[in-house]
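Trainee: Structure in structure tokens, see below.
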Amino acid sequence: MKHGKRGPAFWFLAAFFTLFVLFLYGPTLTILVLSFQGPEGTLTFPMRGLSLHWFFNLFQTQLVGDIAGALKRSLVLGVVVMIVTMIVSFSAGLAFRNRFRGSTILFYLAIASLIVPSILISLGIGLLFRVLEIDPAWYSSAFGAHLTWTLPFGLLIMLAVFNRFDRRYEEAARDLGATPWQTIRHVVIPIVLPSLIGVGLFGFTLSYDEFARSLYTSGTFNTLPLEIYGMTTNITTPVLYALGTVTTAVSFLVIAIALISFSIIRRRRERHGSDAGKAA
Amino acid sequence: MMTRTSRWTTYFQVTPLALVFLIFLVIPIATIVVVSFFDYTTTSIIPAFLSQNYEELLLSPVTWQTYLQTVEFALITWVLTFLIGFTLAYFLAFHVRSATWQQVLFLVCTIPFWTSNVIRMISWIPFLGRNGLANMTLMKMGLIQQPLEFLLYSNFSVVLVYVHLYTLFMVVPIFNSMMRIDRSLLEASLDAGATSWQTLTNVILPLCKPGIAIGSIFVVTIVMGDFVTVRMMSGGLSASVALMMANAMSLLQYPAAAANAVVLLIVVLLIVAGMMRVVDIRKEL
């Protein structure tokens with residue numbers, strides 16, 4: 001397979017791959033184009049005019065609900081979930097390197113948290129708050145619901161990272177007189193930082209796009225996916241597509257920031273010749 | 001080995017995680033189980049210990065039809081995402097030769113995953129609608145005289161969107177499994193006279209089992225618990241278990257929804273338990 005010229009199998013598979021990529025991106029590109037229509041635009045082709053009309057329309061609150069507010073809530077929630085996910089997963093990852101009582105149960109709870117359908121978690125938390133007579137809100141119950149989705153991913157990634165982590169770096173630090181905190185701050189964190197950023201990125205986007213887990217947990221004020229969902233049932237203008245373009249742009253911005261910070265970290269390491277992560 | 005202090009440190013480090021799972025996973029699921037035995041009126045829920053919710057649920061033919069429909073969606077989606085996902089992963093892992101290209105193409109596959117699912121569903125409307133791109137193109141080509149009605153708001157569009165959204169969950173773990181396969185095994189297989197196809201089915205496929213199992217667990221559990229896709233893409237024409245639950249919730253029939261949730265949870269856990277026999281997740285990290 002690795003030898004010689006590329007056979008027909010390669011070209012067949014390459015064509016298949018290309019088709020899949022078209023399938024993946026085509027619809028999103030379609031609504032991107034359609035969101036720039038003029039004021040008399042509709043939900044389908046052909047394009048009617050070219051303007052930013054629907055983007056202005058989007059942020060006029062009275063027409064389509066509270067998009068700006070929902071966007072703000074989702075961004076704040078996403079950032080907080082991101083930070084908490086990074087800290088809690090990192091800390092738990094450290095703990096899981098040692099055997100402790102309950103580690104197996106906790107591990108399987110994390111797996112359960114992934115495989116129990118989101119709607120059930122949403123329903124459960126919603127019912128719990130109702131039974132306790134606490135009003136659900138996006139910053140309390142929805143926040144917790146999102147964590148049950150982001151933390152298992154964070155934990156699994158950190159477990160994989162620490163499985164490949166050479167503990168001799170820590171021993172070396174300790175031998176040189178570093179306190180436990182200094183060891184973590186100056187040795188462990190720099191080595192796992194790229195993965196930790198990955199965990200954070202995961203946390204942010206999972207939370208930012210989460211629908212089912214927010215459904216019965218976000219209370220009076222909607223997060224963005226709920227607001228979008230609400231809009232789809234009663235809005236039939238390209239403002240929907242403008243919204244799609246905006247949220248997709250936010251997602252791409254986050255991806256770009258993450259990729260850029262990855263490459264900055266890598267380049268800085270190359271330039272400064274840090275020995276972190278290199279074999280002894 | 002471990003000193004007293006470091007054991008306390010370990011517990012301290014893991015407490016936040018344990019608390020989140022306790023408060024937002026274990027207790028809520030327990031609440032569902034408890035509430036599923038409650039009684040209810042049109043306005044309130046009344047603590048009780050009744051099996052009535054389960055009886056009503058399990059004796060209704062609608063329930064069985066809905067479960068059957070949901071399992072059917074899950075099965076079709078599973079087969080399609082597996083076939084497509086495996087092919088894509090195989091191409092990336094064994095036919096793309098440069099590591100850089102491998103990374104770039106892998107990234108191309110994963111990026112849409114970071115964008116909103118609801119938006120990605122909406123994106124299909126200008127494509128599949130009555131006057132959508134697909135119908136227009138087919139009519140222009142003269143292949144059809146009338147617009148195809150089944151493209152949007154049908155089981156077809158539901159499955160299409162499932163495949164669109166969730167194939168990635170197959171690609172990533174299978175690709176991961178494939179990258180771990182020792183390349184000399186493939187050479188050995190070819191040297192022993194196997195064709196590429198035989199190598200694929202007798203060497204690569206068995207070695208990818210863990211990845212396939214992990215991907216399958218994701219896809220099947222997501223589809224089993226889905227209601228947004230079904231509601232949006234079937235236009236209210238199809239049902240799913242979660243949609244049934246959501247409807248009960250909107251009628252404030254919380255105990256009925258809870259009973260349904262318990263049944264769904266048991267079904268999903270049974271399916272996953274079956275798949276877990278193939279894979280030890282802890283070994284995969």
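Just remember, in the structure tokens the first chain shown is A, the second B, etc., residues are 1-based per chain, and ligands are 1-based in the order shown.
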If we count only C-alpha atoms, what is near segment 93-105 of chain B at a cut-off of 7 Å, once residues fewer than 5 positions away on the same chain are taken out, given as a ChimeraX atom specification?
Mentor: /A:10 /B:175,178-179
Trainee: Fewer than 6 positions away in the same chain doesn't count, so skip those; otherwise give me all residues within 9 Å of Ser141 of chain A, counting only C-alpha atoms, as a list in words.
Mentor: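 Everything that qualifies: Ser122, Ile125, Gly126, Phe129, Asp135, Ser214, Tyr216, Thr217, Ser218 and Gly219 of chain A; Phe24 of chain B.
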Trainee: Between chain B and chain A, at 7 Å or less, what are the per-residue closest atom pairs and their distances in Å? Count only C-alpha atoms, order by chain and rising residue number, and return it as a Markdown table.
Mentor:
| residue | atom | partner | partner_atom | distance |
| --- | --- | --- | --- | --- |
| B:Thr10 | CA | A:Ala95 | CA | 4.7 |
| B:Gln13 | CA | A:Ser91 | CA | 5.1 |
| B:Val14 | CA | A:Ala92 | CA | 4.6 |
| B:Pro16 | CA | A:Val88 | CA | 6.3 |
| B:Leu17 | CA | A:Val88 | CA | 6.1 |
| B:Ala18 | CA | A:Leu106 | CA | 6.8 |
| B:Val20 | CA | A:Gly144 | CA | 7.0 |
| B:Phe21 | CA | A:Thr148 | CA | 6.6 |
| B:Phe24 | CA | A:Gly144 | CA | 5.9 |
| B:Leu25 | CA | A:Ile121 | CA | 6.6 |
| B:Pro28 | CA | A:Gly124 | CA | 4.2 |
| B:Ile29 | CA | A:Gly124 | CA | 5.4 |
| B:Thr31 | CA | A:Leu128 | CA | 6.0 |
| B:Ile32 | CA | A:Gly124 | CA | 5.4 |
| B:Leu88 | CA | A:Phe17 | CA | 6.1 |
| B:Phe91 | CA | A:Leu13 | CA | 6.0 |
| B:His95 | CA | A:Phe10 | CA | 6.3 |
| B:Cys109 | CA | A:Val21 | CA | 7.0 |
| B:Trp114 | CA | A:Thr205 | CA | 5.9 |
| B:Thr115 | CA | A:Ser251 | CA | 5.6 |
| B:Ser116 | CA | A:Asp209 | CA | 5.0 |
| B:Asn117 | CA | A:Asp209 | CA | 6.9 |
| B:Val118 | CA | A:Tyr229 | CA | 6.8 |
| B:Ile119 | CA | A:Gly244 | CA | 5.4 |
| B:Arg120 | CA | A:Thr28 | CA | 6.5 |
| B:Ser123 | CA | A:Pro27 | CA | 4.9 |
| B:Trp124 | CA | A:Pro27 | CA | 5.6 |
| B:Pro126 | CA | A:Thr44 | CA | 4.7 |
| B:Phe127 | CA | A:Pro27 | CA | 6.8 |
| B:Asn131 | CA | A:Thr44 | CA | 6.8 |
| B:Gly132 | CA | A:Thr44 | CA | 6.0 |
| B:His164 | CA | A:Leu24 | CA | 6.4 |
| B:Thr221 | CA | A:Ile115 | CA | 6.0 |
| B:Ile222 | CA | A:Pro117 | CA | 6.3 |
| B:Gly225 | CA | A:Pro117 | CA | 4.9 |
| B:Ala261 | CA | A:Leu120 | CA | 6.3 |
| B:Leu265 | CA | A:Val116 | CA | 6.8 |
| B:Leu285 | CA | A:Ala160 | CA | 4.6 |
Trainee: Env of segment 239-245 of chain B: 10 Å cut, atoms = only C-alpha atoms, seq-sep filter 4 positions within chain, self excluded. Answer as number ranges by chain.
Mentor: A: 117-120, 123; B: 62-71, 73, 155, 223-231, 234, 249-251, 253-254, 256-261, 263-264
Trainee: Store the residues picked out above in a file with N, CA and C atoms, as a CSV table (one decimal), in the first residue's frame.
Mentor:
chain,number,residue,atom,x,y,z
A,117,PRO,N,-28.0,10.0,27.6
A,117,PRO,CA,-28.4,11.0,26.6
A,117,PRO,C,-28.6,12.4,27.3
A,118,SER,N,-28.1,13.4,26.6
A,118,SER,CA,-28.1,14.8,27.2
A,118,SER,C,-29.5,15.2,27.7
A,119,ILE,N,-30.5,14.7,27.0
A,119,ILE,CA,-31.9,15.2,27.3
A,119,ILE,C,-32.3,14.6,28.7
A,120,LEU,N,-31.7,13.5,29.1
A,120,LEU,CA,-32.0,12.9,30.4
A,120,LEU,C,-31.3,13.7,31.5
A,123,LEU,N,-33.3,16.9,31.8
A,123,LEU,CA,-34.6,16.6,32.5
A,123,LEU,C,-34.3,16.4,34.0
B,62,VAL,N,-48.3,3.3,21.0
B,62,VAL,CA,-47.5,4.4,20.5
B,62,VAL,C,-46.1,4.4,21.0
B,63,THR,N,-45.9,4.0,22.3
B,63,THR,CA,-44.6,3.9,22.9
B,63,THR,C,-43.7,2.9,22.1
B,64,TRP,N,-44.3,1.8,21.8
B,64,TRP,CA,-43.6,0.7,21.1
B,64,TRP,C,-43.2,1.2,19.7
B,65,GLN,N,-44.1,1.8,19.1
B,65,GLN,CA,-43.8,2.3,17.7
B,65,GLN,C,-42.7,3.3,17.8
B,66,THR,N,-42.8,4.2,18.8
B,66,THR,CA,-41.8,5.3,18.9
B,66,THR,C,-40.4,4.7,19.1
B,67,TYR,N,-40.4,3.7,20.1
B,67,TYR,CA,-39.1,3.1,20.4
B,67,TYR,C,-38.5,2.4,19.1
B,68,LEU,N,-39.4,1.7,18.4
B,68,LEU,CA,-39.0,1.0,17.2
B,68,LEU,C,-38.4,2.0,16.2
B,69,GLN,N,-39.1,3.1,16.0
B,69,GLN,CA,-38.7,4.2,15.1
B,69,GLN,C,-37.3,4.7,15.5
B,70,THR,N,-37.1,4.9,16.8
B,70,THR,CA,-35.9,5.5,17.3
B,70,THR,C,-34.7,4.5,17.0
B,71,VAL,N,-35.0,3.2,17.4
B,71,VAL,CA,-34.0,2.2,17.2
B,71,VAL,C,-33.7,2.1,15.7
B,73,PHE,N,-33.8,4.5,13.4
B,73,PHE,CA,-33.0,5.7,13.1
B,73,PHE,C,-31.5,5.4,13.5
B,155,ASN,N,-38.2,11.2,6.9
B,155,ASN,CA,-37.2,10.4,7.6
B,155,ASN,C,-35.8,10.5,6.8
B,223,VAL,N,-28.1,9.4,18.9
B,223,VAL,CA,-29.3,9.3,18.1
B,223,VAL,C,-30.4,8.8,19.0
B,224,MET,N,-30.2,7.9,19.9
B,224,MET,CA,-31.2,7.3,20.8
B,224,MET,C,-31.8,8.4,21.6
B,225,GLY,N,-31.0,9.4,22.0
B,225,GLY,CA,-31.5,10.5,22.9
B,225,GLY,C,-31.9,11.8,22.2
B,226,ASP,N,-31.9,11.7,20.8
B,226,ASP,CA,-32.1,13.0,20.1
B,226,ASP,C,-33.6,13.3,19.9
B,227,PHE,N,-33.8,14.6,20.0
B,227,PHE,CA,-35.2,15.0,19.6
B,227,PHE,C,-35.1,16.3,18.7
B,228,VAL,N,-34.1,17.1,18.8
B,228,VAL,CA,-34.0,18.3,18.0
B,228,VAL,C,-34.0,18.0,16.5
B,229,THR,N,-33.1,17.1,16.1
B,229,THR,CA,-33.0,16.8,14.7
B,229,THR,C,-34.3,16.2,14.2
B,230,VAL,N,-34.9,15.3,15.0
B,230,VAL,CA,-36.2,14.7,14.5
B,230,VAL,C,-37.2,15.7,14.4
B,231,ARG,N,-37.3,16.6,15.4
B,231,ARG,CA,-38.4,17.6,15.3
B,231,ARG,C,-38.1,18.6,14.1
B,234,SER,N,-37.9,16.5,10.5
B,234,SER,CA,-39.0,15.7,10.0
B,234,SER,C,-40.3,16.7,9.9
B,249,MET,N,-43.2,16.7,28.8
B,249,MET,CA,-42.7,17.8,29.6
B,249,MET,C,-43.5,19.1,29.3
B,250,SER,N,-43.7,19.4,28.1
B,250,SER,CA,-44.4,20.6,27.8
B,250,SER,C,-45.9,20.6,28.2
B,251,LEU,N,-46.4,19.4,28.5
B,251,LEU,CA,-47.7,19.3,29.0
B,251,LEU,C,-47.7,19.2,30.6
B,253,GLN,N,-46.5,17.0,32.3
B,253,GLN,CA,-46.6,15.6,32.8
B,253,GLN,C,-45.2,15.1,33.2
B,254,TYR,N,-44.6,15.7,34.2
B,254,TYR,CA,-43.3,15.3,34.6
B,254,TYR,C,-43.1,13.8,34.9
B,256,ALA,N,-44.7,11.2,33.9
B,256,ALA,CA,-44.8,10.4,32.7
B,256,ALA,C,-43.5,10.5,31.9
B,257,ALA,N,-42.9,11.8,31.8
B,257,ALA,CA,-41.7,12.0,31.1
B,257,ALA,C,-40.6,11.2,31.8
B,258,ALA,N,-40.6,11.3,33.2
B,258,ALA,CA,-39.6,10.6,34.0
B,258,ALA,C,-39.6,9.1,33.8
B,259,ALA,N,-40.8,8.5,33.7
B,259,ALA,CA,-40.9,7.1,33.5
B,259,ALA,C,-40.3,6.7,32.2
B,260,ASN,N,-40.6,7.5,31.2
B,260,ASN,CA,-40.1,7.3,29.8
B,260,ASN,C,-38.6,7.4,29.8
B,261,ALA,N,-38.1,8.4,30.6
B,261,ALA,CA,-36.6,8.6,30.7
B,261,ALA,C,-35.9,7.4,31.3
B,263,VAL,N,-37.0,4.3,31.2
B,263,VAL,CA,-37.0,3.2,30.2
B,263,VAL,C,-35.9,3.4,29.2
B,264,LEU,N,-35.8,4.7,28.7
B,264,LEU,CA,-34.8,5.0,27.7
B,264,LEU,C,-33.4,4.8,28.2
